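Chemist: File entry.csv follows (CSV, C-alpha atoms and all ligand atoms):
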chain,number,residue,atom,x,y,z
A,6,MET,CA,76.8,125.7,24.3
A,7,LEU,CA,74.8,122.9,25.6
A,8,ARG,CA,74.2,119.2,24.8
A,9,PHE,CA,71.9,116.8,26.4
A,10,SER,CA,72.6,113.4,27.9
A,11,GLN,CA,70.9,110.9,30.1
A,12,ARG,CA,71.6,111.2,33.7
A,13,ASN,CA,73.8,108.3,34.7
A,14,HIS,CA,75.1,109.2,38.1
A,15,VAL,CA,74.1,111.1,41.2
A,16,ALA,CA,76.4,113.9,42.3
A,17,GLY,CA,77.7,113.5,45.8
A,18,ILE,CA,76.6,115.9,48.5
A,19,LEU,CA,79.3,117.9,50.1
A,20,ALA,CA,79.3,117.6,53.9
A,21,LEU,CA,79.5,120.8,55.9
A,22,ALA,CA,83.0,120.7,57.5
A,23,ILE,CA,83.9,121.9,60.9
A,24,PRO,CA,86.3,124.9,60.7
A,25,LEU,CA,89.9,123.9,61.3
A,26,LEU,CA,92.0,127.1,61.1
A,27,SER,CA,95.3,125.3,61.1
A,28,HIS,CA,94.4,123.6,57.8
A,29,MET,CA,94.0,126.8,55.9
A,30,PHE,CA,96.3,127.7,53.1
A,31,LEU,CA,98.1,131.0,53.0
A,32,ILE,CA,99.7,132.0,49.7
A,33,GLU,CA,102.4,134.5,48.9
A,34,PRO,CA,101.2,137.0,46.4
A,35,LYS,CA,102.8,137.3,43.0
A,36,PRO,CA,105.2,140.3,42.7
A,37,VAL,CA,103.8,143.5,41.3
A,38,GLN,CA,104.0,143.4,37.5
A,39,ALA,CA,105.5,146.3,35.6
A,40,ALA,CA,102.6,146.4,33.2
A,41,ALA,CA,99.4,147.7,34.8
A,42,SER,CA,97.1,144.8,34.3
A,43,LYS,CA,93.7,144.4,35.8
A,44,ARG,CA,94.9,141.3,37.5
A,45,SER,CA,97.8,142.9,39.4
A,46,MET,CA,97.5,145.4,42.3
A,47,THR,CA,98.1,149.1,41.7
A,48,VAL,CA,100.7,150.8,43.9
A,49,GLU,CA,98.0,152.2,46.1
A,50,ALA,CA,96.3,148.8,46.5
A,51,ARG,CA,99.7,147.2,47.2
A,52,SER,CA,100.3,149.6,50.1
A,53,PHE,CA,96.9,148.7,51.7
A,54,PHE,CA,97.7,145.0,51.0
A,55,ASP,CA,101.1,145.2,52.7
A,56,GLN,CA,99.5,147.0,55.7
A,57,GLY,CA,96.9,144.2,55.9
A,58,LYS,CA,99.6,141.6,55.9
A,59,ALA,CA,101.4,143.2,58.8
A,60,GLN,CA,98.1,143.4,60.7
A,61,PHE,CA,97.3,139.8,59.8
A,62,ALA,CA,100.7,138.7,61.1
A,63,ALA,CA,100.0,140.6,64.3
A,64,LYS,CA,96.7,138.7,64.6
A,65,LYS,CA,94.7,142.0,64.2
A,66,TYR,CA,92.2,140.4,61.9
A,67,LYS,CA,89.5,143.1,61.9
A,68,GLU,CA,92.1,145.7,61.0
A,69,ALA,CA,93.6,143.4,58.4
A,70,GLN,CA,90.2,142.8,56.9
A,71,ALA,CA,89.7,146.6,56.5
A,72,SER,CA,93.1,147.0,54.8
A,73,PHE,CA,92.6,144.1,52.4
A,74,ALA,CA,89.1,145.4,51.6
A,75,LYS,CA,90.6,148.7,50.5
A,76,ALA,CA,93.1,146.8,48.4
A,77,CYS,CA,90.3,144.9,46.8
A,78,GLN,CA,88.2,148.0,46.2
A,79,ILE,CA,91.0,149.4,44.1
A,80,SER,CA,92.2,146.2,42.5
A,81,SER,CA,89.2,143.8,42.6
A,82,ARG,CA,90.9,141.4,40.1
A,83,SER,CA,93.9,140.7,42.3
A,84,ASP,CA,93.4,137.2,43.4
A,85,SER,CA,96.0,137.6,46.2
A,86,ALA,CA,94.1,140.6,47.6
A,87,GLN,CA,90.8,138.7,47.5
A,88,TYR,CA,92.4,135.6,49.0
A,89,TYR,CA,93.9,137.5,51.9
A,90,LEU,CA,90.7,139.5,52.5
A,91,GLY,CA,88.9,136.1,52.7
A,92,MET,CA,91.4,134.8,55.2
A,93,ALA,CA,91.2,137.9,57.4
A,94,ALA,CA,87.4,137.7,57.2
A,95,LEU,CA,87.5,134.1,58.4
A,96,TYR,CA,89.7,134.8,61.3
A,97,ALA,CA,87.6,137.9,62.2
A,98,GLY,CA,84.5,135.7,62.2
A,99,ASN,CA,83.0,137.0,59.0
A,100,HIS,CA,82.1,133.7,57.3
A,101,ARG,CA,80.0,135.1,54.6
A,102,LEU,CA,82.7,137.5,53.4
A,103,PHE,CA,85.3,134.7,53.6
A,104,ILE,CA,83.2,132.5,51.2
A,105,ASP,CA,82.5,135.5,48.9
A,106,CYS,CA,86.2,136.3,48.5
A,107,MET,CA,87.2,132.7,47.9
A,108,THR,CA,84.5,132.4,45.3
A,109,ARG,CA,85.8,135.4,43.5
A,110,VAL,CA,89.2,133.8,43.4
A,111,VAL,CA,87.7,130.6,41.9
A,112,VAL,CA,85.6,132.6,39.4
A,113,MET,CA,88.4,134.6,37.9
A,114,ASN,CA,90.9,131.7,37.3
A,115,LYS,CA,91.1,128.6,35.2
A,116,LEU,CA,91.3,126.0,38.0
A,117,LYS,CA,93.9,123.8,36.3
A,118,ASN,CA,96.3,126.7,35.9
A,119,SER,CA,96.0,128.3,39.3
A,120,ILE,CA,97.3,127.1,42.6
A,121,ILE,CA,95.5,130.0,44.4
A,122,ALA,CA,92.2,129.1,42.9
A,123,LYS,CA,92.7,125.4,43.8
A,124,ASN,CA,93.4,126.4,47.4
A,125,ALA,CA,90.4,128.8,47.5
A,126,LEU,CA,88.2,126.0,46.3
A,127,VAL,CA,89.5,123.7,49.0
A,128,ASN,CA,88.7,126.4,51.6
A,129,ILE,CA,85.2,126.8,50.2
A,130,LEU,CA,84.5,123.1,50.2
A,131,LYS,CA,85.8,122.8,53.8
A,132,TYR,CA,83.5,125.5,55.1
A,133,SER,CA,80.4,125.6,53.0
A,134,ARG,CA,78.2,123.5,50.7
A,135,LEU,CA,79.1,125.6,47.7
A,136,HIS,CA,81.2,124.4,44.8
A,137,PRO,CA,81.7,127.5,42.6
A,138,TYR,CA,83.5,127.3,39.2
A,139,CYS,CA,85.4,129.4,36.8
A,140,ALA,CA,83.5,132.1,34.8
A,141,LEU,CA,86.3,133.0,32.3
A,142,ASN,CA,85.4,132.6,28.6
A,143,SER,CA,87.4,130.6,26.0
A,144,GLN,CA,89.7,133.6,25.7
A,145,GLU,CA,90.2,133.5,29.5
A,146,GLN,CA,88.4,136.8,29.9
A,147,LEU,CA,85.9,137.7,32.5
A,148,CYS,CA,83.1,139.4,30.5
A,149,ARG,CA,79.8,140.8,31.7
A,150,TRP,CA,77.4,143.6,31.1
A,151,ASP,CA,78.3,147.1,32.2
A,152,THR,CA,75.3,148.1,34.2
A,153,ARG,CA,76.1,151.8,33.9
A,154,ARG,CA,76.0,151.6,30.2
A,155,HIS,CA,73.0,149.2,30.4
A,156,PRO,CA,70.9,150.2,33.3
A,157,VAL,CA,68.1,148.0,31.8
A,158,LEU,CA,69.2,145.2,29.5
A,159,GLN,CA,66.9,144.9,26.5
A,160,ILE,CA,66.0,141.3,25.8
A,161,CYS,CA,64.2,140.1,22.7
A,162,VAL,CA,62.8,136.6,22.6
A,163,SER,CA,61.9,136.6,18.9
A,164,GLN,CA,58.9,134.8,17.5
A,165,GLY,CA,60.8,132.4,15.3
A,166,LEU,CA,63.5,134.7,13.8
A,167,ALA,CA,66.7,133.0,12.6
A,168,LEU,CA,70.0,134.0,11.1
A,169,PRO,CA,70.3,133.6,7.4
A,170,PRO,CA,70.5,129.8,6.6
A,171,GLN,CA,74.3,129.8,6.0
A,172,TYR,CA,74.9,131.1,9.5
A,173,GLN,CA,72.3,129.1,11.4
A,174,GLY,CA,73.3,126.8,14.3
A,175,LYS,CA,77.1,127.1,13.9
A,176,SER,CA,79.9,128.8,15.7
A,177,LEU,CA,80.7,131.8,13.6
A,178,ASN,CA,84.2,132.4,12.3
A,179,ILE,CA,86.0,135.7,12.4
A,180,THR,CA,84.9,136.7,8.9
A,181,GLU,CA,81.2,136.0,9.8
A,182,ILE,CA,81.5,137.9,13.1
A,183,LYS,CA,82.9,140.9,11.2
A,184,GLU,CA,80.0,140.7,8.8
A,185,PHE,CA,77.5,140.8,11.6
A,186,ARG,CA,79.4,143.6,13.3
A,187,ARG,CA,79.0,145.6,10.1
A,188,LEU,CA,75.3,144.8,9.9
A,189,PHE,CA,74.9,146.0,13.6
A,190,GLN,CA,76.6,149.2,12.9
A,191,THR,CA,74.7,150.0,9.7
A,192,GLY,CA,71.5,149.3,11.5
A,193,THR,CA,70.4,146.7,8.9
A,194,PHE,CA,70.8,143.7,11.2
A,195,VAL,CA,67.1,143.0,11.5
A,196,GLN,CA,66.7,142.7,7.7
A,197,SER,CA,69.2,139.8,7.7
A,198,LEU,CA,66.9,137.8,9.9
A,199,VAL,CA,64.5,135.2,8.4
A,200,LYS,CA,61.5,133.4,9.9
A,201,GLU,CA,62.3,129.8,10.8
A,202,PRO,CA,59.3,127.7,9.7
A,203,THR,CA,59.7,124.9,12.3
A,204,PHE,CA,59.4,127.4,15.1
A,205,LYS,CA,56.3,127.0,17.4
A,206,SER,CA,55.1,129.8,19.6
A,207,TYR,CA,55.3,127.7,22.8
A,208,GLN,CA,59.0,127.6,22.3
A,209,ALA,CA,59.3,131.3,22.8
A,210,GLN,CA,57.1,130.9,25.9
A,211,ASN,CA,59.7,128.4,27.2
A,212,ALA,CA,62.5,130.8,26.6
A,213,VAL,CA,60.7,133.5,28.5
A,214,SER,CA,60.1,131.1,31.4
A,215,ALA,CA,63.8,130.2,31.3
A,216,LEU,CA,64.7,133.9,31.5
A,217,ARG,CA,62.4,134.3,34.5
A,218,LYS,CA,64.5,131.7,36.4
A,219,TRP,CA,67.2,134.4,36.5
A,220,ASP,CA,64.9,137.0,38.2
A,221,TRP,CA,66.6,136.4,41.5
A,222,ALA,CA,69.6,138.3,40.0
A,223,ILE,CA,67.3,141.3,39.4
A,224,ARG,CA,66.0,141.1,43.0
A,225,GLU,CA,69.6,141.1,44.2
A,226,GLY,CA,70.4,144.1,42.1
A,227,LEU,CA,73.0,142.5,39.8
A,228,PHE,CA,71.3,143.9,36.7
A,229,LYS,CA,67.9,144.8,35.4
A,230,TYR,CA,66.2,143.7,32.2
A,231,ALA,CA,63.1,144.4,30.2
A,232,PHE,CA,61.6,142.8,27.1
A,233,THR,CA,61.6,144.4,23.7
A,234,ASN,CA,60.0,143.2,20.5
A,235,ASP,CA,62.6,145.0,18.4
A,236,PRO,CA,65.5,142.7,17.6
A,237,GLY,CA,67.5,145.7,16.5
A,238,LYS,CA,67.3,147.3,20.0
A,239,ALA,CA,68.0,144.1,21.9
A,240,ASP,CA,71.1,143.6,23.9
A,241,ILE,CA,70.3,139.9,24.2
A,242,LEU,CA,68.5,138.4,21.2
A,243,VAL,CA,67.0,134.9,21.2
A,244,LEU,CA,66.9,133.4,17.7
A,245,TRP,CA,65.9,129.9,16.4
A,246,THR,CA,67.5,127.3,14.3
A,247,PRO,CA,66.3,123.9,13.0
A,248,ARG,CA,69.7,122.3,13.5
A,249,PHE,CA,73.2,122.8,14.9
A,250,ARG,CA,76.0,122.1,12.5
A,251,ALA,CA,78.1,120.4,15.2
A,252,GLY,CA,75.4,117.8,15.7
A,253,GLY,CA,75.6,115.6,18.8
A,254,GLY,CA,72.4,116.7,20.4
A,255,MET,CA,73.3,120.4,20.8
A,256,GLU,CA,70.3,122.5,21.8
A,257,GLY,CA,71.7,126.0,22.3
A,258,LEU,CA,74.5,128.3,21.3
A,259,THR,CA,75.4,131.8,22.6
A,260,ASN,CA,77.6,134.2,20.6
A,261,TYR,CA,78.8,137.6,21.6
A,262,PHE,CA,79.3,140.2,19.0
A,263,GLY,CA,81.3,143.2,19.9
A,264,THR,CA,81.2,146.5,18.1
A,265,ASN,CA,83.7,149.3,18.4
A,266,LYS,CA,81.2,151.5,20.0
A,267,PRO,CA,81.4,151.1,23.8
A,268,GLY,CA,78.3,149.4,25.3
A,269,GLN,CA,76.9,148.3,21.9
A,270,GLY,CA,77.8,144.7,22.1
A,271,LYS,CA,75.1,142.2,21.5
A,272,VAL,CA,74.6,138.6,22.6
A,273,ILE,CA,72.8,136.3,20.3
A,274,ILE,CA,71.4,133.0,21.6
A,275,GLN,CA,70.3,130.4,19.1
A,276,LEU,CA,67.9,127.7,20.3
A,277,ASN,CA,67.1,124.5,18.5
A,278,THR,CA,63.5,124.2,17.3
A,279,ALA,CA,63.9,120.5,16.6
A,280,GLY,CA,65.7,119.5,19.8
A,281,LEU,CA,63.5,121.6,22.1
A,282,SER,CA,60.3,120.0,20.7
A,283,ALA,CA,57.2,119.2,22.7
A,284,SER,CA,58.2,115.5,23.0
A,285,LYS,CA,61.0,116.4,25.3
A,286,GLY,CA,58.9,118.5,27.5
A,287,ASN,CA,58.8,122.2,28.5
A,288,ALA,CA,61.0,121.7,31.7
A,289,TYR,CA,63.9,120.4,29.6
A,290,ALA,CA,63.5,123.2,27.0
A,291,GLN,CA,63.5,125.8,29.8
A,292,LEU,CA,66.7,124.4,31.4
A,293,MET,CA,68.5,124.5,28.1
A,294,ALA,CA,67.4,128.1,27.4
A,295,ALA,CA,68.2,129.1,31.0
A,296,HIS,CA,71.8,127.7,30.5
A,297,GLU,CA,72.2,129.9,27.4
A,298,PHE,CA,71.0,133.0,29.3
A,299,GLY,CA,73.7,132.1,31.9
A,300,HIS,CA,76.3,132.5,29.1
A,301,ALA,CA,74.5,135.7,28.0
A,302,PHE,CA,74.8,137.3,31.4
A,303,GLY,CA,78.6,136.5,31.6
A,304,LEU,CA,79.1,132.9,32.8
A,305,GLY,CA,81.8,132.1,30.3
A,306,SER,CA,82.7,128.5,31.3
A,307,HIS,CA,80.9,125.3,32.1
A,308,SER,CA,80.5,124.0,35.6
A,309,PRO,CA,82.0,120.5,36.4
A,310,GLY,CA,78.9,120.1,38.7
A,311,ALA,CA,76.1,118.0,37.1
A,312,ASP,CA,73.5,119.8,39.2
A,313,ASP,CA,74.4,123.3,38.1
A,314,ILE,CA,72.6,125.1,35.3
A,315,MET,CA,76.0,125.8,33.7
A,316,THR,CA,76.9,122.1,33.4
A,317,ALA,CA,78.0,121.1,29.9
A,318,LYS,CA,75.2,118.5,29.9
A,319,ILE,CA,71.7,119.0,31.0
A,320,TYR,CA,69.8,115.8,31.6
A,321,TYR,CA,67.0,114.8,29.4
A,322,ASP,CA,65.4,113.2,32.4
A,323,SER,CA,64.1,116.5,33.6
A,324,ASP,CA,62.5,115.1,36.7
A,325,LYS,CA,66.0,114.9,38.1
A,326,ALA,CA,67.4,117.9,36.4
A,327,HIS,CA,68.0,120.9,38.6
A,328,GLY,CA,67.5,124.5,37.9
A,329,ILE,CA,69.8,127.3,38.8
A,330,SER,CA,71.8,126.2,41.8
A,331,GLU,CA,73.4,128.0,44.7
A,332,ASN,CA,76.7,127.5,42.9
A,333,ASP,CA,75.4,129.2,39.8
A,334,LYS,CA,74.1,132.1,41.9
A,335,ALA,CA,77.4,132.5,43.8
A,336,VAL,CA,79.4,132.5,40.6
A,337,LEU,CA,77.2,135.2,38.9
A,338,ARG,CA,77.2,137.3,42.1
A,339,ALA,CA,81.0,137.1,42.0
A,340,VAL,CA,81.2,138.0,38.3
A,341,TYR,CA,79.1,141.2,39.0
A,342,SER,CA,81.3,142.1,42.0
A,343,LEU,CA,84.5,142.1,39.9
A,344,ASP,CA,86.0,144.5,37.4
A,345,PRO,CA,85.5,142.6,34.0
A,346,ASP,CA,88.3,142.3,31.4
A,347,ASN,CA,85.6,143.2,28.8
A,348,ALA,CA,82.5,145.0,29.7
A,349,TRP,CA,79.6,144.6,27.3
B,401,ZN,ZN,77.1,126.2,27.5
Would you mind writing the structure in this file as structure tokens?

Modeler:
Amino acid sequence: MLRFSQRNHVAGILALAIPLLSHMFLIEPKPVQAAASKRSMTVEARSFFDQGKAQFAAKKYKEAQASFAKACQISSRSDSAQYYLGMAALYAGNHRLFIDCMTRVVVMNKLKNSIIAKNALVNILKYSRLHPYCALNSQEQLCRWDTRRHPVLQICVSQGLALPPQYQGKSLNITEIKEFRRLFQTGTFVQSLVKEPTFKSYQAQNAVSALRKWDWAIREGLFKYAFTNDPGKADILVLWTPRFRAGGGMEGLTNYFGTNKPGQGKVIIQLNTAGLSASKGNAYAQLMAAHEFGHAFGLGSHSPGADDIMTAKIYYDSDKAHGISENDKAVLRAVYSLDPDNAW
């Protein structure tokens, strides 16, 4: 979801801190939970983890790094394993791995509920210019595309198609989601779409340009996508709406629709034909759409950073507005390096 606002402050620039090892946090991991959850270590991972801790205590940081890496390979969603891998990497001189691991810890936790994520963020801020953020959605799940099921994501930027009027521009309730799920499964979804008369073709061009801002993710191998003209075949479908029910300058909304067939989820982005009009400029419209594509790729939360594409507010003053930041990139990379709670 995205609203616009006028920029009224300048974000501070984080200074690059000089490493001070004595100021690092070390955290005791949570005990193994009886229930096998993605967020706790398996028995096998725990044994590598314990081995790593012994090596870490003996200051054998390279060996500890290798052991923690094995634990993370098995249980990527264990924040303790990622945190310790990061610490061992730092002491072993592998700065890049240290930042990557700490970023994963931040990405898979709601910051306010997690001491380990707060400490990981402190570490990142101390040693880099990055300020990553949580990627969990409102159900506190990490969700992203399963690239084995979707070797090439199909994306349709429709030429003005819209949901039926009663569904346009609103967050759908559970009954409505069930109705769309049924339409997907019967294959009649496309017939439910109507043409939105206020749509102009340059708006679709802006959405395509917005998507292209994410092409770095293709170059880095996170996922691949291709364009399709068939809304029925699209994994990510861009539709249009003349208004948003919530009001308040909302310009975009992204909804995920699951089906009970694995790999047949669908993400629907609705963009505002009135709000993204020519008077506000193409740059602004592209930032708004790029933000919604961020949600569609798996960035489930908003960034507290005003200069990130996933900020809750993109500035109407688009000269100052930023595109996809290094923070956004680091968060998406982390999401695609972790085992998701829900794979689309
Ligand atoms: Zn949003």

Chemist: Output as CSV one row per residue of chain A within 9 Å of ligand ZN 401 (chain B): the closest atom pair and its distance in Å to one decimal place, counting all atoms listed in the file, sorted by chain and residue number ascending.

Modeler:
residue,atom,partner,partner_atom,distance
A:Met6,CA,B:ZN401,ZN,3.3
A:Leu7,CA,B:ZN401,ZN,4.4
A:Arg8,CA,B:ZN401,ZN,8.0
A:Gly257,CA,B:ZN401,ZN,7.5
A:Leu258,CA,B:ZN401,ZN,7.0
A:Thr259,CA,B:ZN401,ZN,7.6
A:Met293,CA,B:ZN401,ZN,8.8
A:His296,CA,B:ZN401,ZN,6.3
A:Glu297,CA,B:ZN401,ZN,6.1
A:Gly299,CA,B:ZN401,ZN,8.1
A:His300,CA,B:ZN401,ZN,6.5
A:Leu304,CA,B:ZN401,ZN,8.8
A:Gly305,CA,B:ZN401,ZN,8.0
A:Ser306,CA,B:ZN401,ZN,7.1
A:His307,CA,B:ZN401,ZN,6.0
A:Met315,CA,B:ZN401,ZN,6.3
A:Thr316,CA,B:ZN401,ZN,7.2
A:Ala317,CA,B:ZN401,ZN,5.7
A:Lys318,CA,B:ZN401,ZN,8.3

Chemist: Suppose you want the space between atom CA of Leu166 of chain A and atom CA of Lys229 of chain A; what is it in Å?

Modeler: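 Between atom CA of Leu166 of chain A and atom CA of Lys229 of chain A the gap works out to 24.2 Å.
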
Chemist: Skipping near chain neighbours, those fewer than 2 positions away, what residues fall within 7 Å of Ser81 of chain A using only C-alpha atoms, listed as a tab-separated table (two decimals) with C-alpha atoms, in the coordinates of the input?

Modeler:
chain	number	residue	atom	x	y	z
A	77	CYS	CA	90.30	144.90	46.80
A	78	GLN	CA	88.20	148.00	46.20
A	79	ILE	CA	91.00	149.40	44.10
A	83	SER	CA	93.90	140.70	42.30
A	343	LEU	CA	84.50	142.10	39.90
A	344	ASP	CA	86.00	144.50	37.40

Chemist: Which is closest to Ser133 of chain A among A:His100, A:Arg82, A:Arg44, A:Arg154, if we use only C-alpha atoms?

Modeler: A:His100

Chemist: Could you tell me which of A:His155, A:Lys200, A:Arg101, A:Lys115 comes closest to Asn142 of chain A if we count all atoms listed in the file?

Modeler: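 Closest candidate: A:Lys115.
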
Chemist: Nearest residue to Gly303 of chain A out of A:Pro345, A:Gly270, A:Gly57, A:Gly174, using only C-alpha atoms?

Modeler: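 Among the listed residues, A:Pro345 lies closest to Gly303 of chain A.
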
Chemist: Env of Pro170 of chain A: 10 Å cut, atoms = all atoms listed in the file, seq-sep filter 4 positions within chain, self excluded. Answer as a PyMOL selection string.

Modeler: chain A and resi 174+198-199+201+246-247

Chemist: Give me, please, the distance in Å between atom CA of Met113 of chain A and atom CA of Gln70 of chain A, quoted to one decimal.

Modeler: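 Interatomic distance, atom CA of Met113 of chain A to atom CA of Gln70 of chain A: 20.8 Å.
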
Chemist: Between A:Asp105, A:Asp220, A:Asp55, A:Asp84, single out the one closest to Asn332 of chain A, counting all atoms listed in the file.

Modeler: A:Asp105

Chemist: Please determine, counting only C-alpha atoms, which residue among A:Thr191, A:Ser143, A:Ser284, A:Gln208 has the shortest atom-to-atom distance to Gln164 of chain A.

Modeler: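 The shortest atom-to-atom distance to Gln164 of chain A comes from A:Gln208.
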
Chemist: How many Å separate atom CA of Leu158 of chain A from atom CA of Ala301 of chain A?

Modeler: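 Result for atom CA of Leu158 of chain A versus atom CA of Ala301 of chain A: 11.0 Å, one decimal.
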
Chemist: Counting all atoms listed in the file, figure out which residue out of A:Phe73, A:Ala122, A:Leu216, A:Cys106 gets nearest to Cys139 of chain A.

Modeler: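 Checking each of A:Phe73, A:Ala122, A:Leu216, A:Cys106 against Cys139 of chain A, counting all atoms listed in the file, the winner is A:Ala122.
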
Chemist: Is it possible to get the residues within 10 Å of (65.8, 128.6, 28.4) (coordinates as in the file, counting all atoms listed in the file) written as a ChimeraX atom specification?

Modeler: /A:208-218,243,257,274,276,281,287-299
